[in-house]
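Coordinates from entry17.txt are shown below (compact mmCIF, C-alpha atoms (C1' of nucleotides)).
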```txt
# COMPACT_ATOMS: atom_id res chain seq x y z
CA MET A 24 -18.59 -9.26 -47.40
CA ARG A 25 -19.68 -8.95 -51.00
CA ASP A 26 -20.50 -5.32 -50.61
CA PRO A 27 -17.24 -3.40 -50.43
CA ALA A 28 -18.98 -0.43 -48.89
CA GLU A 29 -19.71 -2.50 -45.82
CA ARG A 30 -16.15 -3.59 -45.25
CA GLY A 31 -15.01 -0.46 -43.52
CA THR A 32 -17.49 -0.45 -40.67
CA ARG A 33 -17.59 -4.20 -40.38
CA ASP A 34 -13.86 -4.39 -39.94
CA ARG A 35 -13.85 -1.64 -37.39
CA ILE A 36 -16.49 -3.50 -35.43
CA LEU A 37 -14.40 -6.66 -35.56
CA ALA A 38 -11.33 -4.83 -34.34
CA VAL A 39 -13.13 -3.12 -31.48
CA ALA A 40 -14.95 -6.31 -30.56
CA GLU A 41 -11.65 -8.15 -30.36
CA ALA A 42 -10.37 -5.59 -27.90
CA SER A 43 -13.51 -5.68 -25.77
CA LEU A 44 -13.82 -9.45 -25.76
CA GLY A 45 -10.19 -9.75 -24.81
CA ALA A 46 -10.49 -7.27 -22.00
CA HIS A 47 -13.77 -8.42 -20.46
CA GLY A 48 -14.52 -11.88 -21.82
CA TYR A 49 -17.65 -12.90 -23.66
CA HIS A 50 -20.13 -12.44 -20.85
CA GLY A 51 -18.42 -9.32 -19.58
CA THR A 52 -18.51 -7.62 -22.96
CA ARG A 53 -21.31 -5.11 -23.57
CA LEU A 54 -22.51 -4.53 -27.08
CA HIS A 55 -23.19 -0.99 -26.07
CA GLU A 56 -19.51 -0.48 -25.34
CA ILE A 57 -18.45 -1.87 -28.69
CA ALA A 58 -20.93 0.28 -30.58
CA SER A 59 -19.93 3.32 -28.62
CA ARG A 60 -16.25 2.86 -29.41
CA VAL A 61 -16.97 2.31 -33.06
CA GLY A 62 -19.05 5.45 -33.01
CA ILE A 63 -22.40 3.95 -33.92
CA GLN A 64 -25.56 2.94 -32.09
CA LYS A 65 -25.91 -0.46 -30.49
CA ALA A 66 -28.77 -1.38 -32.79
CA SER A 67 -26.59 -0.76 -35.83
CA LEU A 68 -24.37 -3.66 -34.87
CA PHE A 69 -27.18 -6.01 -35.73
CA HIS A 70 -26.99 -4.92 -39.31
CA TYR A 71 -23.56 -6.57 -39.55
CA PHE A 72 -23.90 -9.46 -37.15
CA ALA A 73 -27.08 -11.30 -36.35
CA SER A 74 -26.21 -11.70 -32.69
CA LYS A 75 -23.54 -11.26 -30.07
CA GLU A 76 -22.57 -14.85 -30.54
CA GLN A 77 -22.10 -14.45 -34.29
CA LEU A 78 -19.88 -11.48 -33.69
CA TYR A 79 -17.85 -13.56 -31.26
CA ARG A 80 -17.48 -16.34 -33.77
CA ALA A 81 -16.30 -13.96 -36.45
CA VAL A 82 -13.64 -12.56 -34.17
CA VAL A 83 -12.38 -15.99 -33.19
CA GLU A 84 -12.30 -17.29 -36.73
CA GLN A 85 -10.31 -14.35 -37.95
CA GLY A 86 -7.76 -14.83 -35.17
CA MET A 87 -7.34 -18.55 -35.70
CA GLY A 88 -6.92 -18.13 -39.43
CA GLU A 89 -4.05 -15.70 -39.12
CA THR A 90 -2.32 -17.85 -36.53
CA GLU A 91 -2.42 -20.90 -38.73
CA GLN A 92 -1.04 -19.01 -41.68
CA LEU A 93 1.87 -17.79 -39.62
CA ILE A 94 2.80 -21.20 -38.28
CA ARG A 95 2.68 -22.86 -41.67
CA HIS A 96 4.82 -20.15 -43.11
CA ALA A 97 7.43 -20.43 -40.37
CA LEU A 98 7.70 -24.20 -40.68
CA GLU A 99 8.41 -23.83 -44.37
CA SER A 100 11.31 -21.48 -43.78
CA ALA A 101 14.84 -22.43 -44.74
CA GLY A 102 17.69 -23.67 -42.58
CA SER A 103 18.38 -26.42 -40.07
CA LEU A 104 15.73 -27.79 -37.75
CA PHE A 105 16.97 -25.56 -34.96
CA ASP A 106 16.81 -22.63 -37.38
CA LYS A 107 13.21 -23.42 -38.22
CA LEU A 108 12.40 -23.81 -34.56
CA ARG A 109 13.87 -20.44 -33.84
CA THR A 110 12.02 -18.81 -36.71
CA LEU A 111 8.79 -20.33 -35.51
CA LEU A 112 9.24 -19.22 -31.92
CA GLU A 113 10.19 -15.71 -32.90
CA ALA A 114 7.22 -15.37 -35.22
CA TYR A 115 4.88 -16.78 -32.61
CA VAL A 116 6.07 -14.45 -29.88
CA ASP A 117 5.75 -11.54 -32.27
CA LEU A 118 2.22 -12.55 -33.13
CA VAL A 119 1.13 -12.84 -29.53
CA ALA A 120 2.85 -9.58 -28.67
CA LEU A 121 1.10 -7.86 -31.53
CA HIS A 122 -2.33 -9.22 -30.58
CA PRO A 123 -2.54 -9.66 -26.82
CA GLU A 124 -6.32 -9.22 -26.85
CA ARG A 125 -6.70 -11.95 -29.40
CA THR A 126 -4.52 -14.21 -27.30
CA LYS A 127 -6.69 -13.49 -24.31
CA ILE A 128 -9.78 -14.48 -26.23
CA LEU A 129 -8.30 -17.78 -27.31
CA LEU A 130 -7.03 -18.42 -23.80
CA ARG A 131 -10.41 -17.62 -22.37
CA GLN A 132 -12.08 -19.87 -24.85
CA THR A 133 -10.08 -22.82 -23.61
CA LEU A 134 -11.17 -21.92 -20.09
CA GLY A 135 -14.78 -22.27 -21.11
CA ASP A 136 -15.58 -18.63 -21.65
CA ALA A 137 -17.86 -18.65 -24.64
CA PRO A 138 -21.53 -18.44 -25.51
CA GLU A 139 -23.43 -21.37 -24.02
CA SER A 140 -24.41 -22.60 -27.45
CA TYR A 141 -20.87 -22.42 -28.74
CA GLN A 142 -19.36 -25.58 -30.13
CA PRO A 143 -15.65 -24.82 -30.47
CA ALA A 144 -14.21 -25.97 -33.76
CA ASP A 145 -11.32 -27.48 -31.86
CA SER A 146 -10.34 -29.26 -35.03
CA ASP A 147 -8.60 -25.99 -35.84
CA SER A 148 -6.49 -25.82 -32.74
CA GLU A 149 -5.81 -29.52 -32.75
CA ARG A 150 -4.61 -29.34 -36.31
CA LEU A 151 -2.27 -26.52 -35.41
CA LEU A 152 -0.85 -28.40 -32.45
CA LYS A 153 -0.33 -31.49 -34.56
CA LEU A 154 1.49 -29.46 -37.17
CA VAL A 155 4.11 -28.33 -34.70
CA SER A 156 4.40 -31.50 -32.68
CA THR A 157 4.92 -33.47 -35.87
CA PHE A 158 7.75 -31.15 -36.78
CA ILE A 159 9.37 -31.85 -33.42
CA ARG A 160 8.81 -35.57 -33.67
CA GLU A 161 10.53 -35.55 -37.03
CA GLY A 162 13.53 -33.86 -35.49
CA GLN A 163 13.60 -36.45 -32.75
CA ARG A 164 13.52 -39.26 -35.25
CA LYS A 165 16.59 -37.75 -36.87
CA ARG A 166 18.24 -37.50 -33.44
CA VAL A 167 18.52 -33.74 -33.78
CA PHE A 168 16.08 -33.03 -30.94
CA ALA A 169 16.11 -34.62 -27.51
CA PRO A 170 13.32 -37.15 -26.83
CA ILE A 171 10.99 -34.97 -24.79
CA ASP A 172 7.21 -35.32 -25.06
CA PRO A 173 6.41 -33.16 -28.14
CA GLN A 174 2.77 -32.47 -27.30
CA ALA A 175 3.61 -31.43 -23.79
CA LEU A 176 6.40 -29.22 -25.01
CA VAL A 177 4.21 -27.42 -27.52
CA LEU A 178 1.33 -26.97 -25.13
CA GLY A 179 3.74 -25.72 -22.50
CA ILE A 180 5.21 -23.17 -24.90
CA VAL A 181 1.80 -21.90 -25.87
CA GLY A 182 0.81 -21.53 -22.24
CA MET A 183 4.08 -19.89 -21.32
CA VAL A 184 4.03 -17.33 -24.10
CA ALA A 185 0.37 -16.53 -23.66
CA PHE A 186 0.96 -16.05 -19.97
CA PHE A 187 3.82 -13.65 -20.57
CA PHE A 188 1.73 -11.28 -22.58
CA THR A 189 -1.62 -11.57 -20.87
CA SER A 190 -1.15 -12.38 -17.23
CA ALA A 191 2.37 -11.34 -16.46
CA PRO A 192 1.70 -7.61 -16.91
CA VAL A 193 -0.88 -7.91 -14.17
CA LEU A 194 0.98 -10.32 -11.93
CA ALA A 195 4.41 -8.78 -12.22
CA PRO A 196 4.04 -5.25 -13.56
CA HIS A 197 7.51 -4.32 -12.37
CA TRP A 198 9.05 -7.13 -14.41
CA VAL A 199 7.79 -6.01 -17.78
CA ALA A 200 6.02 -2.73 -17.45
CA ASN A 201 5.14 -2.57 -21.09
CA THR A 202 4.90 -5.82 -23.01
CA THR A 203 4.45 -3.95 -26.25
CA SER A 204 7.88 -2.34 -26.12
CA ALA A 205 10.45 -3.74 -28.50
CA ALA A 206 12.84 -4.34 -25.64
CA ALA A 207 10.37 -6.40 -23.65
CA ILE A 208 9.43 -8.47 -26.68
CA ALA A 209 13.07 -9.15 -27.44
CA GLN A 210 13.69 -10.18 -23.84
CA ILE A 211 10.80 -12.61 -23.82
CA LYS A 212 11.82 -13.96 -27.18
CA ARG A 213 15.30 -14.67 -25.94
CA HIS A 214 13.97 -16.37 -22.85
CA VAL A 215 11.56 -18.60 -24.71
CA ILE A 216 14.16 -19.61 -27.26
CA GLU A 217 16.65 -20.42 -24.54
CA VAL A 218 14.25 -22.58 -22.58
CA VAL A 219 13.03 -24.46 -25.62
CA GLU A 220 16.47 -24.99 -27.10
CA ARG A 221 17.72 -26.31 -23.79
CA ALA A 222 14.76 -28.66 -23.63
CA LEU A 223 15.38 -29.95 -27.14
CA THR A 224 19.16 -30.12 -27.16
CA PRO A 225 20.30 -33.74 -26.80
CA GLU A 226 22.54 -34.67 -23.89
CA ARG A 227 26.15 -34.26 -24.71
CA ALA A 228 27.16 -36.93 -22.19
CA MET B 8 -17.46 -17.11 10.96
CA ARG B 9 -18.00 -16.80 14.68
CA ASP B 10 -21.15 -18.81 14.54
CA PRO B 11 -20.17 -22.45 14.05
CA ALA B 12 -23.66 -23.32 12.90
CA GLU B 13 -23.10 -21.17 9.83
CA ARG B 14 -19.86 -22.82 8.79
CA GLY B 15 -21.39 -25.80 7.09
CA THR B 16 -23.53 -24.01 4.56
CA ARG B 17 -21.08 -21.20 4.06
CA ASP B 18 -18.31 -23.58 3.17
CA ARG B 19 -20.50 -25.49 0.79
CA ILE B 20 -21.40 -22.25 -0.93
CA LEU B 21 -17.73 -21.38 -1.25
CA ALA B 22 -16.91 -24.76 -2.75
CA VAL B 23 -19.75 -24.65 -5.24
CA ALA B 24 -19.01 -21.06 -6.12
CA GLU B 25 -15.39 -21.96 -6.84
CA ALA B 26 -16.53 -24.59 -9.30
CA SER B 27 -19.01 -22.29 -11.02
CA LEU B 28 -16.67 -19.32 -11.19
CA GLY B 29 -13.96 -21.55 -12.61
CA ALA B 30 -16.23 -23.02 -15.22
CA HIS B 31 -18.00 -19.87 -16.40
CA GLY B 32 -16.01 -16.90 -15.17
CA TYR B 33 -17.34 -14.10 -13.01
CA HIS B 34 -19.80 -12.62 -15.45
CA GLY B 35 -20.86 -16.01 -16.74
CA THR B 36 -21.65 -17.33 -13.29
CA ARG B 37 -25.30 -17.27 -12.18
CA LEU B 38 -26.10 -17.03 -8.50
CA HIS B 39 -29.16 -19.10 -9.22
CA GLU B 40 -26.96 -21.97 -10.37
CA ILE B 41 -24.81 -21.83 -7.26
CA ALA B 42 -27.81 -21.78 -4.96
CA SER B 43 -29.42 -24.59 -6.83
CA ARG B 44 -26.35 -26.80 -6.54
CA VAL B 45 -26.02 -26.07 -2.86
CA GLY B 46 -29.66 -26.93 -2.48
CA ILE B 47 -30.94 -23.60 -1.23
CA GLN B 48 -32.79 -20.65 -2.68
CA LYS B 49 -30.94 -17.88 -4.44
CA ALA B 50 -32.06 -15.33 -1.88
CA SER B 51 -30.51 -17.38 0.90
CA LEU B 52 -27.06 -16.73 -0.51
CA PHE B 53 -27.36 -13.13 0.54
CA HIS B 54 -27.52 -14.21 4.12
CA TYR B 55 -23.88 -15.36 3.85
CA PHE B 56 -22.46 -12.92 1.33
CA ALA B 57 -23.60 -9.37 0.81
CA SER B 58 -23.18 -9.51 -2.95
CA LYS B 59 -21.89 -11.56 -5.82
CA GLU B 60 -18.70 -9.59 -5.69
CA GLN B 61 -18.14 -10.37 -2.01
CA LEU B 62 -18.63 -14.03 -2.71
CA TYR B 63 -16.07 -13.81 -5.49
CA ARG B 64 -13.58 -12.12 -3.20
CA ALA B 65 -14.01 -14.79 -0.56
CA VAL B 66 -13.35 -17.53 -3.08
CA VAL B 67 -10.24 -15.84 -4.40
CA GLU B 68 -8.83 -15.10 -0.97
CA GLN B 69 -9.24 -18.68 0.14
CA GLY B 70 -7.45 -19.94 -2.97
CA MET B 71 -4.54 -17.54 -2.69
CA GLY B 72 -4.05 -18.31 0.97
CA GLU B 73 -3.67 -22.03 0.44
CA THR B 74 -1.31 -21.53 -2.48
CA GLU B 75 0.97 -19.32 -0.45
CA GLN B 76 1.06 -21.80 2.40
CA LEU B 77 2.06 -24.57 0.06
CA ILE B 78 4.88 -22.66 -1.56
CA ARG B 79 6.37 -21.52 1.71
CA HIS B 80 6.25 -25.03 3.02
CA ALA B 81 7.96 -26.49 -0.04
CA LEU B 82 10.75 -23.93 0.03
CA GLU B 83 11.50 -24.87 3.62
CA SER B 84 11.91 -28.54 2.78
CA ALA B 85 15.22 -30.32 3.24
CA GLY B 86 17.84 -31.25 0.67
CA SER B 87 19.90 -29.59 -2.03
CA LEU B 88 18.64 -26.68 -4.07
CA PHE B 89 17.65 -29.02 -6.87
CA ASP B 90 15.84 -31.16 -4.30
CA LYS B 91 13.90 -28.18 -3.06
CA LEU B 92 13.11 -27.14 -6.59
CA ARG B 93 11.79 -30.58 -7.32
CA THR B 94 9.70 -30.64 -4.17
CA LEU B 95 8.26 -27.26 -5.03
CA LEU B 96 7.38 -28.20 -8.58
CA GLU B 97 5.78 -31.46 -7.54
CA ALA B 98 3.71 -29.80 -4.85
CA TYR B 99 2.66 -27.05 -7.22
CA VAL B 100 1.59 -29.43 -9.94
CA ASP B 101 -0.34 -31.45 -7.39
CA LEU B 102 -2.07 -28.34 -6.15
CA VAL B 103 -3.12 -27.22 -9.59
CA ALA B 104 -4.22 -30.73 -10.49
CA LEU B 105 -6.28 -30.94 -7.33
CA HIS B 106 -7.95 -27.55 -7.90
CA PRO B 107 -8.27 -26.90 -11.62
CA GLU B 108 -11.29 -24.65 -11.09
CA ARG B 109 -9.35 -22.52 -8.66
CA THR B 110 -6.53 -22.26 -11.13
CA LYS B 111 -8.96 -21.16 -13.78
CA ILE B 112 -10.27 -18.43 -11.53
CA LEU B 113 -6.81 -17.07 -10.83
CA LEU B 114 -5.90 -17.31 -14.50
CA ARG B 115 -9.07 -15.52 -15.45
CA GLN B 116 -8.41 -12.85 -12.89
CA THR B 117 -5.11 -12.02 -14.54
CA LEU B 118 -6.98 -11.76 -17.82
CA GLY B 119 -9.21 -9.09 -16.37
CA ASP B 120 -12.20 -11.24 -15.55
CA ALA B 121 -13.47 -9.80 -12.32
CA PRO B 122 -16.14 -7.48 -11.01
CA GLU B 123 -15.73 -3.98 -12.42
CA SER B 124 -15.15 -2.56 -8.97
CA TYR B 125 -12.55 -5.16 -8.13
CA GLN B 126 -9.11 -3.95 -7.15
CA PRO B 127 -6.93 -7.04 -7.21
CA ALA B 128 -4.70 -7.35 -4.17
CA ASP B 129 -1.83 -8.13 -6.47
CA SER B 130 0.49 -7.65 -3.55
CA ASP B 131 -0.36 -11.28 -2.79
CA SER B 132 0.65 -12.71 -6.12
CA GLU B 133 3.65 -10.44 -6.40
CA ARG B 134 4.85 -11.56 -3.01
CA LEU B 135 4.52 -15.18 -4.05
CA LEU B 136 6.43 -14.63 -7.25
CA LYS B 137 9.17 -12.84 -5.41
CA LEU B 138 9.46 -15.68 -2.93
CA VAL B 139 10.23 -18.19 -5.65
CA SER B 140 12.36 -15.98 -7.85
CA THR B 141 14.47 -15.04 -4.85
CA PHE B 142 15.05 -18.73 -4.20
CA ILE B 143 16.26 -19.16 -7.76
CA ARG B 144 18.42 -16.08 -7.63
CA GLU B 145 20.09 -17.42 -4.51
CA GLY B 146 20.90 -20.64 -6.32
CA GLN B 147 22.36 -18.65 -9.19
CA ARG B 148 24.54 -16.68 -6.84
CA LYS B 149 25.92 -19.96 -5.55
CA ARG B 150 26.51 -21.10 -9.14
CA VAL B 151 24.18 -24.04 -8.66
CA PHE B 152 21.60 -22.76 -11.12
CA ALA B 153 22.26 -21.45 -14.60
CA PRO B 154 21.91 -17.68 -15.05
CA ILE B 155 18.48 -17.57 -16.66
CA ASP B 156 16.02 -14.75 -15.93
CA PRO B 157 14.38 -15.92 -12.68
CA GLN B 158 11.19 -13.90 -13.01
CA ALA B 159 10.63 -15.06 -16.55
CA LEU B 160 11.28 -18.64 -15.57
CA VAL B 161 8.80 -18.57 -12.70
CA LEU B 162 6.11 -16.82 -14.71
CA GLY B 163 6.67 -19.25 -17.53
CA ILE B 164 6.29 -22.23 -15.23
CA VAL B 165 3.09 -20.87 -13.76
CA GLY B 166 1.67 -20.29 -17.22
CA MET B 167 2.78 -23.66 -18.45
CA VAL B 168 1.36 -25.65 -15.57
CA ALA B 169 -1.87 -23.71 -15.49
CA PHE B 170 -2.24 -24.27 -19.21
CA PHE B 171 -1.75 -28.01 -18.85
CA PHE B 172 -4.63 -28.41 -16.47
CA THR B 173 -7.04 -25.83 -17.76
CA SER B 174 -6.61 -25.37 -21.48
CA ALA B 175 -4.88 -28.50 -22.65
CA PRO B 176 -7.83 -30.78 -21.93
CA VAL B 177 -9.85 -28.67 -24.32
CA LEU B 178 -7.15 -28.06 -26.90
CA ALA B 179 -5.68 -31.54 -26.98
CA PRO B 180 -8.18 -33.94 -25.45
CA HIS B 181 -6.49 -36.92 -27.00
CA TRP B 182 -3.21 -36.03 -25.29
CA VAL B 183 -4.46 -36.15 -21.74
CA ALA B 184 -8.01 -37.30 -21.69
CA ASN B 185 -8.30 -37.00 -17.96
CA THR B 186 -6.02 -34.57 -16.19
CA THR B 187 -7.21 -35.80 -12.82
CA SER B 188 -5.86 -39.30 -13.31
CA ALA B 189 -2.76 -40.16 -11.34
CA ALA B 190 -0.99 -41.22 -14.50
CA ALA B 191 -1.62 -37.91 -16.26
CA ILE B 192 -0.49 -35.92 -13.25
CA ALA B 193 2.69 -37.94 -12.99
CA GLN B 194 3.39 -37.45 -16.68
CA ILE B 195 2.95 -33.70 -16.47
CA LYS B 196 5.03 -33.58 -13.32
CA ARG B 197 7.89 -35.38 -15.04
CA HIS B 198 7.70 -33.08 -18.02
CA VAL B 199 7.71 -29.89 -15.98
CA ILE B 200 10.59 -31.06 -13.84
CA GLU B 201 12.59 -32.03 -16.88
CA VAL B 202 12.10 -28.73 -18.64
CA VAL B 203 12.88 -26.67 -15.56
CA GLU B 204 15.91 -28.71 -14.56
CA ARG B 205 17.29 -28.43 -18.06
CA ALA B 206 16.72 -24.71 -17.96
CA LEU B 207 18.49 -24.35 -14.63
CA THR B 208 21.35 -26.80 -15.11
CA PRO B 209 24.58 -24.90 -15.79
CA GLU B 210 26.49 -25.60 -18.99
CA ARG B 211 28.90 -28.41 -18.62
CA ALA B 212 31.18 -27.01 -21.30
C1' DG C 16 -31.57 -19.09 8.51
C1' DT C 17 -34.57 -20.16 4.84
C1' DC C 18 -38.34 -19.25 2.25
C1' DT C 19 -41.75 -16.63 -1.42
C1' DA C 20 -42.55 -12.63 -3.73
C1' DT C 21 -41.03 -8.64 -5.82
C1' DA C 22 -38.34 -4.58 -6.96
C1' DT C 23 -34.97 -2.72 -10.18
C1' DA C 24 -31.63 -2.52 -13.64
C1' DG C 25 -29.26 -3.81 -17.42
C1' DG C 26 -28.48 -5.83 -21.77
C1' DG C 27 -29.60 -8.38 -26.02
C1' DA C 28 -32.56 -7.97 -29.65
C1' DT C 29 -36.51 -6.05 -32.70
C1' DA C 30 -39.58 -2.51 -35.11
C1' DG C 31 -39.84 0.80 -38.08
C1' DA C 32 -38.81 5.67 -39.55
C1' DC C 33 -35.45 8.14 -42.25
C1' DG D 23 -27.08 1.66 -43.26
C1' DT D 24 -28.03 4.29 -39.27
C1' DC D 25 -31.03 6.07 -36.13
C1' DT D 26 -34.72 6.27 -31.97
C1' DA D 27 -37.75 3.88 -29.31
C1' DT D 28 -39.06 -0.08 -27.15
C1' DC D 29 -39.72 -4.94 -26.08
C1' DC D 30 -38.59 -8.60 -23.07
C1' DC D 31 -36.03 -11.46 -20.47
C1' DT D 32 -32.72 -12.43 -17.12
C1' DA D 33 -30.05 -11.59 -13.08
C1' DT D 34 -28.83 -9.19 -8.93
C1' DA D 35 -30.67 -7.75 -4.93
C1' DT D 36 -34.36 -6.56 -1.31
C1' DA D 37 -38.61 -7.06 1.66
C1' DG D 38 -40.71 -9.40 4.84
C1' DA D 39 -43.17 -13.70 6.49
C1' DC D 40 -42.17 -18.00 8.91
```

In structure tokens, how does this file's structure come out?
Amino acid sequence: MRDPAERGTRDRILAVAEASLGAHGYHGTRLHEIASRVGIQKASLFHYFASKEQLYRAVVEQGMGETEQLIRHALESAGSLFDKLRTLLEAYVDLVALHPERTKILLRQTLGDAPESYQPADSDSERLLKLVSTFIREGQRKRVFAPIDPQALVLGIVGMVAFFFTSAPVLAPHWVANTTSAAAIAQIKRHVIEVVERALTPERA
Amino acid sequence: MRDPAERGTRDRILAVAEASLGAHGYHGTRLHEIASRVGIQKASLFHYFASKEQLYRAVVEQGMGETEQLIRHALESAGSLFDKLRTLLEAYVDLVALHPERTKILLRQTLGDAPESYQPADSDSERLLKLVSTFIREGQRKRVFAPIDPQALVLGIVGMVAFFFTSAPVLAPHWVANTTSAAAIAQIKRHVIEVVERALTPERA
DNA sequence: GTCTATATAGGGATAGAC
DNA sequence: GTCTATCCCTATATAGAC
């Protein structure tokens, strides 16, 4: 990290590793494949990362960091609570759409796919969840949002969005052939926003 | 299958394999571990299944079959469309809650976690999805359900529910400490039903 | 049908030259 | 910092006795 000359290759390794880990999971990923795609020899990887596990950790950390940044930024945006909500959802969908492999890795991690020795720093994810659910709870206190379980809502959204971009292309290829197309992303965005807004809009009875 | 004497051990292998595959994924699963838990030697597994891949296929097939049965049954239940919807959602949540490992396997499969040579019979899952989305589309035609994208809704529900029982316990352990408790299942059921009903209830404007 | 013993391959990791 | 060569372990799978 201190040596700028190393950055180039190191970053390329991280990028390729993210793709491989997303596609095949931790145990299914072959260091040989990563090296090959980067254009170096397998042994050269060990110059940058001490082990497969360390490489995995680096990839995960990078992904979590960017996600947190994005969420904080969206929650600080201007407008009404529903405006903020919308901004957040749009940004989140965009993020997942832009990094489906990363999403797969995080999803897989919650399924237990990780090095045996891995102790997930779940404080990260928990902190993120709390950030958003607190935002919703605030809105409920002000009677702007309907009194639905905030934690469940947030978890459900995360699962839903992740599923759209990771599993849906496999399960329902005819529905969204290409989840990277602008049209597909817009469609999913609209859907998510509609469902969430309906869930959070107070009864007008 | 023809030899009844074989059924006992074979079924136990399938059950144990489901648990292991769910917990560690295909590549992370060790045949040695399965054999050990069944109480036999690793080599004995090959008497029942020709390869690790065949064992995997058997586990997946069994899981898909039961899921399809359940969905068909729920859709044939009595009552209004909203009644049927409710019955379906409750049964589905119960199924996932009862078989979290199975759910993990199917989730993982959509993420690309499977033997290299594996050609997923996605016709199965596509057929299932179509079954439910057709039901919703029918309700929309009759103006009972709001005109939301049926495919997206169904995929979203599947992702949401799966996430609750597989990832949420890891991500938010304080939220639902034990997703197998009756109370937790009831809570999740209520949440899912509320979100879906709100999404499908036509505007009263 | 279950066992012990073993074959075979693949993959993570290291050694050491350049 | 990248390479070639190699170590070494683990995991799937097979052979063949009982």

Define the interface residues of chain B facing chain A as those within 7 Å, counting all atoms listed in the file, and report them as a CSV table (one decimal) with C-alpha atoms, in the coordinates of the input.
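Result written to part-v5.csv:
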```csv
chain,number,residue,atom,x,y,z
B,30,ALA,CA,-16.2,-23.0,-15.2
B,31,HIS,CA,-18.0,-19.9,-16.4
B,32,GLY,CA,-16.0,-16.9,-15.2
B,34,HIS,CA,-19.8,-12.6,-15.4
B,35,GLY,CA,-20.9,-16.0,-16.7
B,111,LYS,CA,-9.0,-21.2,-13.8
B,117,THR,CA,-5.1,-12.0,-14.5
B,118,LEU,CA,-7.0,-11.8,-17.8
B,119,GLY,CA,-9.2,-9.1,-16.4
B,120,ASP,CA,-12.2,-11.2,-15.6
B,129,ASP,CA,-1.8,-8.1,-6.5
B,132,SER,CA,0.6,-12.7,-6.1
B,133,GLU,CA,3.6,-10.4,-6.4
B,162,LEU,CA,6.1,-16.8,-14.7
B,163,GLY,CA,6.7,-19.2,-17.5
B,164,ILE,CA,6.3,-22.2,-15.2
B,166,GLY,CA,1.7,-20.3,-17.2
B,167,MET,CA,2.8,-23.7,-18.4
B,170,PHE,CA,-2.2,-24.3,-19.2
B,171,PHE,CA,-1.8,-28.0,-18.8
B,173,THR,CA,-7.0,-25.8,-17.8
B,174,SER,CA,-6.6,-25.4,-21.5
B,175,ALA,CA,-4.9,-28.5,-22.6
B,177,VAL,CA,-9.8,-28.7,-24.3
B,178,LEU,CA,-7.2,-28.1,-26.9
B,179,ALA,CA,-5.7,-31.5,-27.0
B,202,VAL,CA,12.1,-28.7,-18.6
B,205,ARG,CA,17.3,-28.4,-18.1
B,206,ALA,CA,16.7,-24.7,-18.0
```

Inset, instruction - Specify as a list in words all residues of chain A found within 9 Å of chain D, counting all atoms listed in the file. - result: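 Listing them in order of chain and number gives Glu29, Ile63, Gln64, Ala66, Ser67 and His70 of chain A.
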
Tell me, counting all atoms listed in the file, for each residue of chain A within 10 Å of chain C, which pair of atoms is nearest and how far apart they are in Å to one decimal, in rows ordered by chain and increasing number, as JSON lines.
```
{"residue": "A:Arg53", "atom": "CA", "partner": "C:DG26", "partner_atom": "C1'", "distance": 7.4}
{"residue": "A:Leu54", "atom": "CA", "partner": "C:DG26", "partner_atom": "C1'", "distance": 8.1}
{"residue": "A:His55", "atom": "CA", "partner": "C:DG26", "partner_atom": "C1'", "distance": 8.4}
{"residue": "A:Lys65", "atom": "CA", "partner": "C:DG27", "partner_atom": "C1'", "distance": 9.8}
{"residue": "A:Ala66", "atom": "CA", "partner": "C:DA28", "partner_atom": "C1'", "distance": 8.2}
{"residue": "A:Phe69", "atom": "CA", "partner": "C:DA28", "partner_atom": "C1'", "distance": 8.4}
{"residue": "A:Ala73", "atom": "CA", "partner": "C:DA28", "partner_atom": "C1'", "distance": 9.3}
{"residue": "A:Ser74", "atom": "CA", "partner": "C:DA28", "partner_atom": "C1'", "distance": 8.0}
{"residue": "A:Lys75", "atom": "CA", "partner": "C:DG27", "partner_atom": "C1'", "distance": 7.8}
```

Legend entry - Distance in Å - CA of Ala190 in chain B versus CA of Val23 in chain B: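 Distance between the two atoms: 26.7 Å.
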
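Here CA of Leu77 in chain B is placed at a distance of 29.4 Å from CA of Ser124 in chain B.
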
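Note that the spacing between CA of Ala169 in chain A and CA of Ala81 in chain B amounts to 29.8 Å.
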
Listed atoms of range 18-33 of chain C boxed axis-aligned with 4 Å per side, centre + edges as JSON:
```
{"center_x": -35.5, "center_y": -5.6, "center_z": -20.0, "size_x": 22.1, "size_y": 35.4, "size_z": 52.5}
```

Inset, instruction - Return the single residue from B:Val139, B:Ala26, B:Leu62, B:Ile200 that is closest to Arg93 in chain B, with distances computed using all atoms listed in the file. - result: B:Ile200

Write range 67-71 of chain B as an mmCIF file, in the frame of the given file, completed to N, CA and C atoms.
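As a result, part.cif now contains:
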```cif
data_model
loop_
_atom_site.group_PDB
_atom_site.id
_atom_site.type_symbol
_atom_site.label_atom_id
_atom_site.label_comp_id
_atom_site.auth_asym_id
_atom_site.auth_seq_id
_atom_site.Cartn_x
_atom_site.Cartn_y
_atom_site.Cartn_z
ATOM 1 N N VAL B 67 -11.608 -16.141 -3.984
ATOM 2 C CA VAL B 67 -10.240 -15.840 -4.400
ATOM 3 C C VAL B 67 -9.279 -15.835 -3.209
ATOM 4 N N GLU B 68 -9.693 -15.183 -2.159
ATOM 5 C CA GLU B 68 -8.830 -15.100 -0.970
ATOM 6 C C GLU B 68 -8.468 -16.486 -0.452
ATOM 7 N N GLN B 69 -9.475 -17.328 -0.357
ATOM 8 C CA GLN B 69 -9.240 -18.680 0.140
ATOM 9 C C GLN B 69 -8.206 -19.397 -0.728
ATOM 10 N N GLY B 70 -8.366 -19.266 -2.040
ATOM 11 C CA GLY B 70 -7.450 -19.940 -2.970
ATOM 12 C C GLY B 70 -6.032 -19.424 -2.846
ATOM 13 N N MET B 71 -5.875 -18.114 -2.792
ATOM 14 C CA MET B 71 -4.540 -17.540 -2.690
ATOM 15 C C MET B 71 -3.862 -17.958 -1.396
#
```
